[in-house]
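Accompanying notes for the structure given below.
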Amino acid sequence: MKQLLAPCIGALVQFFSLPFGLSKRRNFQMGLVVSLLNHKGGVGKTTSTINIGAGMVELGKRVLLVDLDPQANLTLSLGAPRVKDTIYEALRGECELNPVQIKPGLDVVISTLDLSGAEMELINEAGREFILRELFETVIEDYDFIFIDCPPSLGLLTLNALTSSNLVLIPLQTEFLAVQGLAKIKQVIDKVGFRLNKNLRIGGVIATMFDSRKVLNNNVVEIIRKHFGDQVFDTMIRDTVSLAEAPSVQQDIFAYKPGSKGAEDYLNLCKEILARIEREG
Ligand SMILES: Nc1ncnc2c1ncn2[C@@H]1O[C@H](COP(=O)(O)OP(=O)(O)OP(=O)(O)O)[C@@H](O)[C@H]1O
Ligand SMILES: [Mg+2]
C-alpha cells in the first residue's frame, strides 16, 4: 500500500518545501480572513467552514461565513434566509455585503446559483481580483474571523478569496487521490502571495473524513505526518455520520449534536488554530 502512495510523496515534498504555516506572519491579530481551499471537490471545505466557524463562536469569537460557491451548499446547509442581496450582487457592485444572522455570533453572506455567471461577467472588470477584499473593508471590524467557503476550482472567485485572505486552510480527505492536487494549490497560493497579496500564508492542512479502521486512511496520514510533522494539524476530523446529517436539519454540529465526535473534533481544531495563532504571535 505504501508503495502505491509513493508517487504522492514527491508532490507533497514540493508542496511543503517552502515556508509554511504562520511563522512568517508578525503582529498576528484578530479580524482575520481565512479561506478554506482545495480545488478537489467533496473534501470537506463546506463542512469545515461551517463547523470551524461555529466552533469559534463556541469559543467566544464573532464570526462571518462567506459562501463563495455557486453551489450555495453552505447557505443551504445552514438554512440561511434567502435575502435579495447575495454575494453575487455584491461582487457585481450592486450592493454592499449583506451578512444575515444565523445565531448570536455567527453571520453568513449567502450565495446563489447566479454566482456561476460571475466569473464570465467580471472578466473585463478592472481590478477584478480585488472586489471581495474591497467589500470586506466595511465589515472586517465587526468580526474576529471571516471564513470563506471556496468553490472546487481555482478561477476568479477563488482568486478573490485569496487576495482578501490572511490564511488558507486546506481540508484534505485522507484518501490516495486527495493528495494529488496539493502541488497545484501551493503554486497558486505562491503566485497570489508573490503578486497580489503579500499577507497570504498557508495556515495548515486539515485531515478530514478520517476513519482509523481504514488502512488507506492511516497510511495517507502516516505519510503526510512523517514528512511534514507539525505542519498538519494534530486534530483530525473523523468520518462521522452526524457531520453529514447536520446540513439536512440546517444546523452546525454544535447546534445539532453538541456531544458528538464531530463537535469534539471541530472544537479541538479551533483550539489548535487559535493556539497556533497565539504561539506565532
Ligand atoms: N467528517 C465527515 N464525516 C462524514 N461525512 C462528512 C464529513 N465531512 C464532510 N462530510 C460529507 O461529505 C460530503 C462532502 O463534504 P463537503 O460538502 O463539506 O465538501 P466540499 O469540499 O465543500 O465539496 P465541494 O467541493 O462540492 O464544495 C458532504 O456530504 C458532507 O456532509
Ligand atoms: Mg463545498
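Chain labels A, B, ... are given in the sequence in which chains occur in the C-alpha cells; within each chain residues are numbered consecutively from 1, and ligands are likewise numbered from 1 in the order shown.
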- request: Determine which residues of region 135-215 of chain A receive a DSSP assignment of strand (DSSP E or B), computed from the backbone, and state them as a PyMOL selection string.
  value: chain A and resi 145-149+167-173+201-208+210
- request: Around ligand 2, at most 8 Å away and counting only C-alpha atoms and all ligand atoms, which residues are there? Put them as a PyMOL selection string, please.
  value: chain A and resi 41-42+44-47+69+71-74+149-152
Mind dumping the selected residues with C-alpha atoms as an mmCIF file, in the first residue's frame?
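Output saved as selection.cif:
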```cif
data_model
loop_
_atom_site.group_PDB
_atom_site.id
_atom_site.type_symbol
_atom_site.label_atom_id
_atom_site.label_comp_id
_atom_site.auth_asym_id
_atom_site.auth_seq_id
_atom_site.Cartn_x
_atom_site.Cartn_y
_atom_site.Cartn_z
ATOM 1 C CA GLY A 41 -14.497 18.505 -4.804
ATOM 2 C CA GLY A 42 -16.101 16.873 -1.789
ATOM 3 C CA GLY A 44 -14.888 18.787 3.425
ATOM 4 C CA LYS A 45 -14.439 22.500 2.617
ATOM 5 C CA THR A 46 -18.032 23.475 3.354
ATOM 6 C CA THR A 47 -18.355 21.193 6.375
ATOM 7 C CA ASP A 69 -19.526 28.785 -4.095
ATOM 8 C CA GLN A 71 -23.470 25.512 -5.409
ATOM 9 C CA ALA A 72 -24.528 27.502 -2.302
ATOM 10 C CA ASN A 73 -24.010 24.430 -0.118
ATOM 11 C CA LEU A 74 -23.062 26.485 2.921
ATOM 12 C CA ASP A 149 -16.016 28.658 1.655
ATOM 13 C CA CYS A 150 -14.302 28.440 -1.740
ATOM 14 C CA PRO A 151 -15.716 26.642 -4.776
ATOM 15 C CA PRO A 152 -13.926 23.499 -6.020
#
```
Which residues of chain A sit at most 10 Å from ligand 1, using only C-alpha atoms and all ligand atoms? Give each one's shortest atom pair and distance in Å (one decimal place), in chain and ascending residue order, as a Markdown table.
```
| residue | atom | partner | partner_atom_place_in_ligand_line | distance |
| --- | --- | --- | --- | --- |
| A:Leu36 | CA | ligand 1 | 21 (O) | 8.8 |
| A:Leu37 | CA | ligand 1 | 21 (O) | 8.2 |
| A:Asn38 | CA | ligand 1 | 21 (O) | 7.0 |
| A:His39 | CA | ligand 1 | 25 (O) | 6.9 |
| A:Lys40 | CA | ligand 1 | 25 (O) | 6.0 |
| A:Gly41 | CA | ligand 1 | 25 (O) | 3.1 |
| A:Gly42 | CA | ligand 1 | 23 (O) | 3.3 |
| A:Val43 | CA | ligand 1 | 21 (O) | 3.9 |
| A:Gly44 | CA | ligand 1 | 18 (O) | 3.3 |
| A:Lys45 | CA | ligand 1 | 22 (O) | 3.7 |
| A:Thr46 | CA | ligand 1 | 22 (O) | 3.7 |
| A:Thr47 | CA | ligand 1 | 18 (O) | 3.7 |
| A:Ser48 | CA | ligand 1 | 18 (O) | 6.3 |
| A:Thr49 | CA | ligand 1 | 18 (O) | 7.9 |
| A:Ile50 | CA | ligand 1 | 18 (O) | 8.6 |
| A:Asn51 | CA | ligand 1 | 18 (O) | 9.8 |
| A:Leu68 | CA | ligand 1 | 27 (O) | 9.8 |
| A:Asp69 | CA | ligand 1 | 27 (O) | 7.0 |
| A:Pro70 | CA | ligand 1 | 27 (O) | 9.2 |
| A:Gln71 | CA | ligand 1 | 27 (O) | 7.2 |
| A:Ala72 | CA | ligand 1 | 27 (O) | 8.5 |
| A:Asn73 | CA | ligand 1 | 17 (O) | 6.8 |
| A:Leu74 | CA | ligand 1 | 22 (O) | 8.1 |
| A:Ser77 | CA | ligand 1 | 31 (O) | 9.1 |
| A:Asp149 | CA | ligand 1 | 22 (O) | 7.4 |
| A:Cys150 | CA | ligand 1 | 27 (O) | 7.3 |
| A:Pro151 | CA | ligand 1 | 27 (O) | 5.5 |
| A:Pro152 | CA | ligand 1 | 25 (O) | 4.4 |
| A:Ser153 | CA | ligand 1 | 25 (O) | 8.1 |
| A:Ile170 | CA | ligand 1 | 21 (O) | 9.8 |
| A:Pro171 | CA | ligand 1 | 21 (O) | 7.5 |
| A:Leu172 | CA | ligand 1 | 21 (O) | 8.7 |
| A:Gln173 | CA | ligand 1 | 8 (N) | 8.5 |
| A:Ala207 | CA | ligand 1 | 1 (N) | 9.1 |
| A:Thr208 | CA | ligand 1 | 1 (N) | 5.5 |
| A:Met209 | CA | ligand 1 | 1 (N) | 3.9 |
| A:Phe210 | CA | ligand 1 | 1 (N) | 6.9 |
| A:Asp211 | CA | ligand 1 | 3 (N) | 8.9 |
| A:Met236 | CA | ligand 1 | 1 (N) | 8.9 |
| A:Ile237 | CA | ligand 1 | 1 (N) | 5.3 |
| A:Arg238 | CA | ligand 1 | 1 (N) | 5.0 |
| A:Asp239 | CA | ligand 1 | 3 (N) | 3.5 |
| A:Thr240 | CA | ligand 1 | 3 (N) | 4.0 |
| A:Val241 | CA | ligand 1 | 4 (C) | 5.1 |
| A:Ser242 | CA | ligand 1 | 4 (C) | 7.1 |
| A:Leu243 | CA | ligand 1 | 3 (N) | 5.3 |
| A:Ala244 | CA | ligand 1 | 31 (O) | 3.4 |
| A:Glu245 | CA | ligand 1 | 31 (O) | 6.6 |
| A:Ala246 | CA | ligand 1 | 31 (O) | 7.7 |
| A:Pro247 | CA | ligand 1 | 31 (O) | 6.9 |
| A:Ser248 | CA | ligand 1 | 31 (O) | 8.8 |
| A:Lys261 | CA | ligand 1 | 1 (N) | 9.2 |
| A:Gly262 | CA | ligand 1 | 1 (N) | 6.8 |
| A:Asp265 | CA | ligand 1 | 1 (N) | 9.0 |
| A:Tyr266 | CA | ligand 1 | 1 (N) | 9.4 |
```
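Relative to CA of Ser164 (chain A), CA of Phe130 (chain A) is found at 7.1 Å.
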What are the closest atom pairs, with distances in Å to one decimal, for each residue of region 155-268 of chain A lying within 10 Å of region 79-97 of chain A, using only C-alpha atoms, rows by chain and rising residue number, as JSON lines?
```
{"residue": "A:Leu157", "atom": "CA", "partner": "A:Leu91", "partner_atom": "CA", "distance": 9.5}
{"residue": "A:Asn160", "atom": "CA", "partner": "A:Leu91", "partner_atom": "CA", "distance": 9.8}
{"residue": "A:Pro247", "atom": "CA", "partner": "A:Gly79", "partner_atom": "CA", "distance": 8.3}
{"residue": "A:Ser248", "atom": "CA", "partner": "A:Gly79", "partner_atom": "CA", "distance": 9.1}
{"residue": "A:Val249", "atom": "CA", "partner": "A:Gly79", "partner_atom": "CA", "distance": 8.2}
{"residue": "A:Gln250", "atom": "CA", "partner": "A:Gly79", "partner_atom": "CA", "distance": 4.9}
{"residue": "A:Gln251", "atom": "CA", "partner": "A:Gly79", "partner_atom": "CA", "distance": 7.5}
```
message: Just list as an MDAnalysis selection string whatever in region 17-193 of chain A DSSP marks as helix (DSSP H, G or I).
response: chainID A and resid 45:58 73:77 87:91 113:121 128:136 140:142 156:163 176:193
message: List the spatial neighbours of Leu159 (chain A) as a ChimeraX atom specification - criterion: any atom at most 9 Å away, only C-alpha atoms, same-chain residues fewer than 6 positions off excluded.
response: /A:129-130,188,192
Based on the selection just made, write N, CA and C atoms of those residues as an mmCIF file, in the first residue's frame.
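Wrote out.cif, looks like this:
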```cif
data_model
loop_
_atom_site.group_PDB
_atom_site.id
_atom_site.type_symbol
_atom_site.label_atom_id
_atom_site.label_comp_id
_atom_site.auth_asym_id
_atom_site.auth_seq_id
_atom_site.Cartn_x
_atom_site.Cartn_y
_atom_site.Cartn_z
ATOM 1 N N GLU A 129 -9.699 41.037 -9.433
ATOM 2 C CA GLU A 129 -9.186 40.093 -8.410
ATOM 3 C C GLU A 129 -9.378 40.630 -6.991
ATOM 4 N N PHE A 130 -9.720 41.928 -6.859
ATOM 5 C CA PHE A 130 -9.735 42.548 -5.535
ATOM 6 C C PHE A 130 -11.125 42.977 -5.066
ATOM 7 N N VAL A 188 -0.548 28.050 -6.845
ATOM 8 C CA VAL A 188 -1.483 29.172 -6.946
ATOM 9 C C VAL A 188 -1.316 30.109 -5.750
ATOM 10 N N VAL A 192 -0.185 34.045 -5.939
ATOM 11 C CA VAL A 192 -1.021 35.126 -5.388
ATOM 12 C C VAL A 192 -0.239 35.850 -4.290
#
```
Quick one: residues within 12 Å of Thr138 (chain A), only C-alpha atoms, excluding same-chain residues fewer than 2 positions away - as a tab-separated table (two decimals) with N, CA and C atoms, in the first residue's frame?
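And here's selection.tsv as it stands now:
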```tsv
chain	number	residue	atom	x	y	z
A	95	CYS	N	-24.54	46.12	-4.51
A	95	CYS	CA	-24.85	46.33	-3.09
A	95	CYS	C	-23.58	46.10	-2.26
A	96	GLU	N	-23.66	46.47	-0.99
A	96	GLU	CA	-22.59	46.13	-0.04
A	96	GLU	C	-22.77	44.66	0.38
A	97	LEU	N	-21.80	44.13	1.12
A	97	LEU	CA	-22.00	42.80	1.70
A	97	LEU	C	-23.19	42.85	2.65
A	98	ASN	N	-23.98	41.81	2.63
A	98	ASN	CA	-25.20	41.80	3.45
A	98	ASN	C	-25.23	40.57	4.35
A	99	PRO	N	-24.49	40.62	5.49
A	99	PRO	CA	-24.49	39.45	6.38
A	99	PRO	C	-25.84	39.24	7.05
A	132	LEU	N	-13.65	41.33	-3.69
A	132	LEU	CA	-14.05	40.83	-2.37
A	132	LEU	C	-13.28	41.55	-1.26
A	133	ARG	N	-12.00	41.78	-1.50
A	133	ARG	CA	-11.18	42.48	-0.50
A	133	ARG	C	-11.77	43.86	-0.20
A	134	GLU	N	-12.18	44.55	-1.25
A	134	GLU	CA	-12.81	45.87	-1.06
A	134	GLU	C	-14.09	45.75	-0.25
A	135	LEU	N	-14.89	44.73	-0.58
A	135	LEU	CA	-16.17	44.55	0.12
A	135	LEU	C	-15.95	44.29	1.61
A	136	PHE	N	-14.88	43.60	1.96
A	136	PHE	CA	-14.62	43.28	3.36
A	136	PHE	C	-14.32	44.52	4.19
A	140	ILE	N	-15.05	44.18	8.21
A	140	ILE	CA	-13.95	43.46	8.87
A	140	ILE	C	-13.88	43.74	10.37
A	141	GLU	N	-14.19	44.97	10.76
A	141	GLU	CA	-14.07	45.31	12.18
A	141	GLU	C	-15.18	44.72	13.03
A	142	ASP	N	-16.20	44.20	12.40
A	142	ASP	CA	-17.32	43.62	13.16
A	142	ASP	C	-17.05	42.17	13.58
A	143	TYR	N	-15.95	41.60	13.08
A	143	TYR	CA	-15.72	40.16	13.31
A	143	TYR	C	-14.29	39.87	13.77
```
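Using only C-alpha atoms, the nearest neighbour of Leu59 (chain A) within the list A:Lys191, A:Leu76, A:Gln180, A:Gly105 is A:Gly105.
As for CA of Gln231 (chain A) and CA of Glu272 (chain A), they are spaced 11.8 Å apart.
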